[in-house]
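Asker: Structure incoming, see below.
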Amino acid sequence: MSRYAHITGWGTALPEHILTNQDLEQMVDTTDEWIVTRTGIRERRIAAPDQTTATLAADAAVAALKHAGVKPTDVDLIIVASSTPEHIFPATASIVQDMIGASRAGAFDLSAACTGFIFALNMAAQAIRSGSLDTAVVIGSETISRIVNWQDRNTCILFGDGAGAFVLQASETPGGVMEAVMHSDGSGADVLMLPAGGSKIPTSPDTVAHGLHYVYMEGRPVFRFATRVMAEGTREVVKKAGLSLEDIDLIIPHQANYRILESAARGLKLPMDKFVVTLDRYGNTSTASIPIAAAEAAAEGRLKPGDKVVFVGFGGGLTWGALLAEWTGPLPDREEIHPERYRLWARLRSSGLRIRRKFLAATTREKELGG
Ligand SMILES: CC(C)(COP(=O)(O)OP(=O)(O)OC[C@H]1O[C@@H](n2cnc3c(N)ncnc32)[C@H](O)[C@@H]1OP(=O)(O)O)[C@@H](O)C(=O)NCCC(=O)NCCS
């Protein structure tokens with residue numbers, strides 16, 4: 001019996017605070033006109049001080065689980081793709097697992113910059129299709145505002161915060177994730193990076209003084225690379241699935257720059273209305289941009305069960321990839337779930353586990369000391 005990995009739920013978490021191009025005019029030497037004509041971006045969301053990559057990820061995951069009608073306790077795997085993880089370690093996915101009370105789930109982060117969501121979706125789908133597990137939550141979540149230099153007009157105008165999540169479930173009905181392609185060219189690692197804070201250049205007063213804890217980007221080479229791989233990746237995945245571009249109902253691209261999307265559309269000889277565009281309102285939310293755009297397209301009725309959709313992205317690494325899916329929706333045995341009850345249960349469970357760990361640590365120490 002063949003197994004398929006259906007996308008059965010989706011959800012987003014978008015911070016309330018909106019930073020417009022007019023606001024940016026007060027912060028750096030730029031204009032709304034420059035930003036709109038060069039990028040298509042008009043505004044972006046900025047996380048509140050109490051929001052982090054993990055809290056946004058957990059909110060998006062819970063919304064997606066509610067939509068799919070899946071209990072957090074039925075999740076087998078959580079993958080968080082992020083360019084702004086909560087810490088180098090532990091994985092943000094582990095923190096999300098605890099926050100949503102996914103007590104049975106394994107959890108790990110996947111690092112492939114803005115392409116991360118596509119790679120994570122493919123990994124989860126392959127685990128489901130192989131029979132290794134039944135239910136996965138894949139999340140793209142970012143607080144890029146925390147690693148952007150708000151005095152650098154070359155980068156700060158581009159990015160925004162937010163999260164998006166998909167629930168994937170095993171099904172014997174054909175549909176869901178069909179094919180994917182994943183690529184990397186590490187010779188371009190230095191054109192888009194966060195230079196310091198890792199093991200090569202640990203954080204020090206010197207790295208902070210030189211601003212090495214901020215996003216570093218060479219815009220033009222990234223632009224050239226992006227315009228090439230968006231069309232190439234889309235063609236490649238469509239061919240691999242044995243389909244042609246005419247079979248594709250919708251393309252959900254990584255949202256970096258409207259001119260990159262126009263160039264991909266020209267390269268594929270497709271009209272712009274085949275592409276979902278949200279960057280005007282959210283900017284580049286890195287790994288979160290594709291699931292946010294997909295959730296919006298589904299909510300607007302642009303993405304319907306049975307549609308063939310290509311997700312295509314690129315980013316630091318350099319990395320790029322594309323994934324072709326037949327859009328489905330919740331499985332027939334969907335249950336009504338009450339996420340707020342699970343969130344409360346998850347908080348109590350987490351507190352209980354923490355108290356138990358402290359108690360055990362204290363009693364073990366007493367025993368070791370002969371107490
Ligand atoms: C960043 C990007 C928008 C810049 O647009 P561009 O048309 O390539 O512009 P350039 O870098 O050639 O800069 C043109 C001029 O505008 C200036 N400029 C840059 N940012 C500016 C801003 N926010 N406001 C006003 N002027 C700006 C530059 O300093 C430069 O001035 P100069 O000619 O006097 O040196 C574009 O290169 C891009 O989108 N690259 C890809 C970025 C990306 O997708 N990153 C994420 C990958 S996941």
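Convention: chains lettered A, B, ... in structure tokens order; per-chain residue numbering from 1; ligands numbered from 1 as shown.
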If you count only C-alpha atoms, which residues fall within 10 Å of stretch 85-102 of chain A, apart from same-chain ones fewer than 2 positions away, as a ChimeraX atom specification?

Answerer: /A:52-59,61-62,71-83,104-111,137-139,141-144,197-199,339-340,342-350

Asker: Using only C-alpha atoms and all ligand atoms, which residues of the polymer chains come no farther than 9 Å from ligand 1? I'd like the answer as a PyMOL selection string.

Answerer: chain A and resi 24-25+28-35+37-39+113-115+152-159+192+217-226+254-260+284-287+313-316

Asker: Write out as a ChimeraX atom specification the residues lying within 8 Å of stretch 317-334 of chain A, counting only C-alpha atoms and excluding same-chain residues fewer than 3 positions away.

Answerer: /A:6-9,67-70,112-113,115,118-119,122,175-189,192,229-230,233-234,237-238,241,303-314

Asker: What would the file look like if the residues just selected were written as a CSV table (one decimal), in the first residue's frame with N, CA and C atoms?

Answerer:
```csv
chain,number,residue,atom,x,y,z
A,6,HIS,N,0.1,14.2,3.2
A,6,HIS,CA,-0.8,15.3,2.8
A,6,HIS,C,-0.5,16.5,3.7
A,7,ILE,N,-0.7,17.7,3.2
A,7,ILE,CA,-0.6,18.9,3.9
A,7,ILE,C,-2.0,19.1,4.5
A,8,THR,N,-2.3,18.9,5.7
A,8,THR,CA,-3.6,18.8,6.2
A,8,THR,C,-4.0,20.0,7.1
A,9,GLY,N,-3.0,20.9,7.4
A,9,GLY,CA,-3.3,22.0,8.2
A,9,GLY,C,-2.3,23.1,8.0
A,67,HIS,N,-6.4,23.7,12.6
A,67,HIS,CA,-7.0,23.6,11.3
A,67,HIS,C,-7.0,22.1,10.8
A,68,ALA,N,-5.9,21.4,11.1
A,68,ALA,CA,-5.9,20.0,10.7
A,68,ALA,C,-6.7,19.1,11.6
A,69,GLY,N,-7.1,19.6,12.8
A,69,GLY,CA,-7.8,18.8,13.7
A,69,GLY,C,-7.0,17.7,14.3
A,70,VAL,N,-5.7,18.0,14.6
A,70,VAL,CA,-4.8,17.1,15.2
A,70,VAL,C,-4.4,17.5,16.6
A,112,ALA,N,19.0,26.0,6.7
A,112,ALA,CA,19.3,26.2,5.3
A,112,ALA,C,18.9,27.6,4.9
A,113,ALA,N,19.0,28.5,5.8
A,113,ALA,CA,18.6,29.9,5.6
A,113,ALA,C,17.2,30.0,5.1
A,115,THR,N,15.8,28.9,2.4
A,115,THR,CA,15.3,27.7,1.8
A,115,THR,C,14.8,26.7,2.8
A,118,ILE,N,11.4,24.7,2.7
A,118,ILE,CA,11.2,23.7,1.6
A,118,ILE,C,12.0,22.4,2.0
A,119,PHE,N,13.2,22.5,2.5
A,119,PHE,CA,14.0,21.4,2.8
A,119,PHE,C,13.3,20.6,4.0
A,122,ASN,N,10.3,18.7,2.8
A,122,ASN,CA,10.7,17.5,2.1
A,122,ASN,C,11.1,16.4,3.0
A,175,GLY,N,-1.9,12.2,-3.2
A,175,GLY,CA,-2.0,13.6,-3.0
A,175,GLY,C,-0.9,14.0,-2.1
A,176,GLY,N,-0.8,15.3,-1.8
A,176,GLY,CA,0.2,15.8,-0.9
A,176,GLY,C,1.6,16.0,-1.6
A,177,VAL,N,2.6,15.9,-0.8
A,177,VAL,CA,4.0,16.2,-1.4
A,177,VAL,C,4.3,15.2,-2.5
A,178,MET,N,4.7,15.7,-3.7
A,178,MET,CA,4.9,14.8,-4.8
A,178,MET,C,6.4,14.7,-5.1
A,179,GLU,N,7.1,15.8,-5.3
A,179,GLU,CA,8.5,15.7,-5.6
A,179,GLU,C,9.2,17.0,-5.0
A,180,ALA,N,10.5,16.9,-4.9
A,180,ALA,CA,11.3,18.0,-4.4
A,180,ALA,C,12.7,18.0,-5.0
A,181,VAL,N,13.3,19.1,-5.1
A,181,VAL,CA,14.7,19.2,-5.5
A,181,VAL,C,15.4,20.1,-4.4
A,182,MET,N,16.6,19.7,-4.0
A,182,MET,CA,17.3,20.5,-3.0
A,182,MET,C,18.8,20.8,-3.5
A,183,HIS,N,19.2,22.0,-3.4
A,183,HIS,CA,20.5,22.3,-4.0
A,183,HIS,C,21.3,23.3,-3.0
A,184,SER,N,22.6,23.2,-3.2
A,184,SER,CA,23.5,24.1,-2.3
A,184,SER,C,24.7,24.4,-3.1
A,185,ASP,N,25.2,25.7,-2.9
A,185,ASP,CA,26.5,26.1,-3.5
A,185,ASP,C,27.2,26.9,-2.5
A,186,GLY,N,28.0,26.2,-1.7
A,186,GLY,CA,28.7,26.8,-0.5
A,186,GLY,C,29.8,27.7,-0.9
A,187,SER,N,30.1,27.8,-2.2
A,187,SER,CA,31.1,28.8,-2.6
A,187,SER,C,30.6,30.2,-2.5
A,188,GLY,N,29.3,30.3,-2.3
A,188,GLY,CA,28.6,31.6,-2.1
A,188,GLY,C,28.3,31.8,-0.6
A,189,ALA,N,28.9,31.1,0.2
A,189,ALA,CA,28.5,31.2,1.7
A,189,ALA,C,28.8,32.6,2.2
A,192,LEU,N,26.0,36.1,1.9
A,192,LEU,CA,24.8,36.3,2.7
A,192,LEU,C,25.0,35.5,4.0
A,229,VAL,N,18.0,30.9,-10.1
A,229,VAL,CA,17.5,29.6,-9.5
A,229,VAL,C,16.0,29.5,-9.3
A,230,MET,N,15.3,30.6,-9.2
A,230,MET,CA,13.8,30.5,-9.0
A,230,MET,C,13.2,29.8,-10.2
A,233,GLY,N,14.8,26.0,-10.6
A,233,GLY,CA,14.3,25.1,-9.5
A,233,GLY,C,12.9,24.7,-9.9
A,234,THR,N,12.1,25.7,-10.3
A,234,THR,CA,10.7,25.3,-10.6
A,234,THR,C,10.6,24.4,-11.8
A,237,VAL,N,11.7,20.7,-10.7
A,237,VAL,CA,10.8,19.9,-9.9
A,237,VAL,C,9.6,19.5,-10.7
A,238,VAL,N,9.2,20.4,-11.6
A,238,VAL,CA,8.0,20.0,-12.4
A,238,VAL,C,8.4,18.8,-13.4
A,241,ALA,N,8.6,15.5,-11.6
A,241,ALA,CA,7.3,14.9,-11.2
A,241,ALA,C,6.6,14.4,-12.5
A,303,LEU,N,-5.9,28.7,-3.4
A,303,LEU,CA,-5.3,27.4,-3.3
A,303,LEU,C,-6.4,26.4,-2.9
A,304,LYS,N,-6.7,25.5,-3.8
A,304,LYS,CA,-7.9,24.6,-3.5
A,304,LYS,C,-7.5,23.2,-3.5
A,305,PRO,N,-8.2,22.3,-2.8
A,305,PRO,CA,-7.9,20.9,-2.9
A,305,PRO,C,-7.8,20.4,-4.4
A,306,GLY,N,-6.8,19.7,-4.7
A,306,GLY,CA,-6.6,19.2,-6.0
A,306,GLY,C,-5.6,20.0,-6.8
A,307,ASP,N,-5.4,21.3,-6.4
A,307,ASP,CA,-4.4,22.2,-7.1
A,307,ASP,C,-3.0,21.6,-7.0
A,308,LYS,N,-2.3,21.8,-8.1
A,308,LYS,CA,-0.9,21.5,-8.1
A,308,LYS,C,-0.1,22.8,-7.8
A,309,VAL,N,0.7,22.7,-6.8
A,309,VAL,CA,1.4,24.0,-6.3
A,309,VAL,C,2.9,23.7,-6.2
A,310,VAL,N,3.7,24.7,-6.7
A,310,VAL,CA,5.1,24.6,-6.5
A,310,VAL,C,5.6,25.6,-5.5
A,311,PHE,N,6.3,25.2,-4.4
A,311,PHE,CA,6.9,26.0,-3.5
A,311,PHE,C,8.4,26.2,-3.9
A,312,VAL,N,8.9,27.4,-4.1
A,312,VAL,CA,10.3,27.5,-4.6
A,312,VAL,C,11.0,28.6,-3.8
A,313,GLY,N,12.2,28.3,-3.4
A,313,GLY,CA,12.9,29.3,-2.6
A,313,GLY,C,14.4,29.3,-2.8
A,314,PHE,N,15.1,30.3,-2.2
A,314,PHE,CA,16.5,30.4,-2.2
A,314,PHE,C,17.0,31.2,-1.0
```

Asker: Just list as a ChimeraX atom specification whatever in stretch 84-320 of chain A DSSP marks as alpha helix (DSSP H).

Answerer: /A:92-100,116-129,153-156,205-209,219-240,258-268,279-282,289-299

Asker: What does the file look like for those residues with C-alpha atoms, as a CSV table (one decimal), in the first residue's frame?

Answerer:
```csv
chain,number,residue,atom,x,y,z
A,92,THR,CA,14.1,25.9,18.8
A,93,ALA,CA,12.0,22.9,17.9
A,94,SER,CA,12.5,21.4,21.3
A,95,ILE,CA,11.3,24.6,23.0
A,96,VAL,CA,8.2,24.6,20.7
A,97,GLN,CA,7.6,20.9,21.5
A,98,ASP,CA,7.4,21.8,25.2
A,99,MET,CA,5.3,24.9,24.6
A,100,ILE,CA,2.6,23.1,22.6
A,116,GLY,CA,14.9,25.9,5.1
A,117,PHE,CA,11.1,25.5,5.0
A,118,ILE,CA,11.2,23.7,1.6
A,119,PHE,CA,14.0,21.4,2.8
A,120,ALA,CA,12.2,20.7,6.1
A,121,LEU,CA,8.9,20.0,4.3
A,122,ASN,CA,10.7,17.5,2.1
A,123,MET,CA,12.4,15.8,5.0
A,124,ALA,CA,9.1,15.4,7.0
A,125,ALA,CA,7.2,14.2,3.9
A,126,GLN,CA,9.9,11.6,3.1
A,127,ALA,CA,9.8,10.3,6.8
A,128,ILE,CA,6.0,10.0,6.5
A,129,ARG,CA,6.1,8.3,3.0
A,153,ARG,CA,19.8,50.9,4.6
A,154,ASN,CA,21.1,48.1,2.4
A,155,THR,CA,19.6,45.4,4.6
A,156,CYS,CA,17.2,46.8,7.1
A,205,PRO,CA,33.5,43.0,22.4
A,206,ASP,CA,35.4,43.2,19.2
A,207,THR,CA,32.7,41.5,17.1
A,208,VAL,CA,30.1,43.7,18.6
A,209,ALA,CA,32.1,46.8,18.0
A,219,GLY,CA,22.8,42.5,-2.6
A,220,ARG,CA,23.7,42.3,-6.3
A,221,PRO,CA,25.3,38.7,-6.4
A,222,VAL,CA,22.3,37.4,-4.3
A,223,PHE,CA,19.9,39.1,-6.7
A,224,ARG,CA,21.6,37.6,-9.8
A,225,PHE,CA,21.7,34.1,-8.2
A,226,ALA,CA,18.0,34.4,-7.1
A,227,THR,CA,16.7,35.3,-10.5
A,228,ARG,CA,18.5,32.3,-12.0
A,229,VAL,CA,17.5,29.6,-9.5
A,230,MET,CA,13.8,30.5,-9.0
A,231,ALA,CA,13.0,29.6,-12.7
A,232,GLU,CA,15.6,26.7,-12.8
A,233,GLY,CA,14.3,25.1,-9.5
A,234,THR,CA,10.7,25.3,-10.6
A,235,ARG,CA,11.4,23.7,-14.0
A,236,GLU,CA,13.4,21.0,-12.4
A,237,VAL,CA,10.8,19.9,-9.9
A,238,VAL,CA,8.0,20.0,-12.4
A,239,LYS,CA,10.0,17.8,-14.8
A,240,LYS,CA,11.0,15.4,-12.0
A,258,TYR,CA,9.2,41.7,-6.4
A,259,ARG,CA,11.8,42.1,-9.2
A,260,ILE,CA,13.1,38.6,-8.5
A,261,LEU,CA,9.6,37.2,-8.8
A,262,GLU,CA,9.0,39.2,-12.1
A,263,SER,CA,12.2,37.8,-13.5
A,264,ALA,CA,11.3,34.2,-12.5
A,265,ALA,CA,7.8,34.7,-14.2
A,266,ARG,CA,9.5,36.0,-17.3
A,267,GLY,CA,12.0,33.0,-17.3
A,268,LEU,CA,9.1,30.6,-16.9
A,279,LEU,CA,6.2,40.7,0.4
A,280,ASP,CA,4.5,44.1,0.0
A,281,ARG,CA,3.0,43.6,3.5
A,282,TYR,CA,5.5,41.4,5.3
A,289,SER,CA,7.6,33.5,3.9
A,290,ILE,CA,6.4,30.4,2.0
A,291,PRO,CA,4.0,29.0,4.7
A,292,ILE,CA,2.6,32.5,5.4
A,293,ALA,CA,2.0,33.0,1.6
A,294,ALA,CA,0.4,29.5,1.3
A,295,ALA,CA,-1.9,30.1,4.3
A,296,GLU,CA,-3.0,33.4,2.8
A,297,ALA,CA,-3.6,31.9,-0.6
A,298,ALA,CA,-5.7,29.1,0.9
A,299,ALA,CA,-7.7,31.6,3.0
```

Asker: Considering only C-alpha atoms, can you say which of A:Leu194, A:Ala170, A:Met272, A:Val277 comes closest to A:Tyr214?

Answerer: A:Leu194

Asker: I'd like the interatomic distance between atom CA of A:Thr84 and atom CA of A:Tyr216, to a tenth of an Å.

Answerer: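 Straight-line distance from atom CA of A:Thr84 to atom CA of A:Tyr216 works out to 13.8 Å.
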
Asker: Enumerate, as a ChimeraX atom specification, the complete set of residues in stretch 55-301 of chain A that a backbone-based DSSP assignment places in strand (DSSP E).

Answerer: /A:77-81,106-110,135-142,162-171,176-184,192-193,216-217,250-253

Asker: Filtering to C-alpha atoms, could you give me those residues as a tab-separated table (two decimals), in the first residue's frame?

Answerer:
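Output (part.tsv):
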```tsv
chain	number	residue	atom	x	y	z
A	77	LEU	CA	7.98	15.05	14.70
A	78	ILE	CA	8.51	18.83	14.82
A	79	ILE	CA	10.99	20.51	12.49
A	80	VAL	CA	11.68	24.22	12.86
A	81	ALA	CA	13.47	25.90	9.97
A	106	GLY	CA	10.96	14.24	18.36
A	107	ALA	CA	12.14	17.73	17.50
A	108	PHE	CA	15.04	19.31	15.64
A	109	ASP	CA	15.98	22.47	13.75
A	110	LEU	CA	16.94	22.60	10.14
A	135	THR	CA	2.25	13.10	11.72
A	136	ALA	CA	4.71	15.99	11.49
A	137	VAL	CA	4.60	19.72	12.08
A	138	VAL	CA	6.94	21.80	9.91
A	139	ILE	CA	7.47	25.41	10.91
A	140	GLY	CA	9.30	28.40	9.46
A	141	SER	CA	9.75	31.06	12.13
A	142	GLU	CA	11.79	34.25	12.30
A	162	GLY	CA	6.64	36.12	11.43
A	163	ALA	CA	5.99	32.41	11.37
A	164	GLY	CA	4.07	29.86	9.34
A	165	ALA	CA	3.44	26.15	9.91
A	166	PHE	CA	2.12	23.12	8.06
A	167	VAL	CA	0.81	19.86	9.50
A	168	LEU	CA	1.69	16.81	7.42
A	169	GLN	CA	-0.16	13.52	7.84
A	170	ALA	CA	0.11	10.05	6.34
A	171	SER	CA	-2.69	9.00	4.02
A	176	GLY	CA	0.24	15.81	-0.90
A	177	VAL	CA	3.98	16.21	-1.39
A	178	MET	CA	4.94	14.78	-4.79
A	179	GLU	CA	8.54	15.74	-5.62
A	180	ALA	CA	11.29	18.03	-4.40
A	181	VAL	CA	14.72	19.22	-5.46
A	182	MET	CA	17.33	20.51	-3.01
A	183	HIS	CA	20.54	22.34	-3.97
A	184	SER	CA	23.49	24.06	-2.35
A	192	LEU	CA	24.82	36.32	2.74
A	193	MET	CA	25.65	35.49	6.34
A	216	TYR	CA	25.84	40.76	6.12
A	217	MET	CA	24.64	40.75	2.53
A	250	LEU	CA	-0.04	28.21	-8.43
A	251	ILE	CA	3.55	29.07	-7.54
A	252	ILE	CA	4.34	30.05	-3.96
A	253	PRO	CA	7.81	31.59	-4.03
```

Asker: Any idea what the distance is between atom CA of A:Leu245 and atom CA of A:Val276?

Answerer: 15.9 Å

Asker: Looking at only C-alpha atoms, which of A:Leu360, A:Leu270, A:Ala13, A:Leu243 is the one that sits closest to A:Ala64?

Answerer: A:Ala13
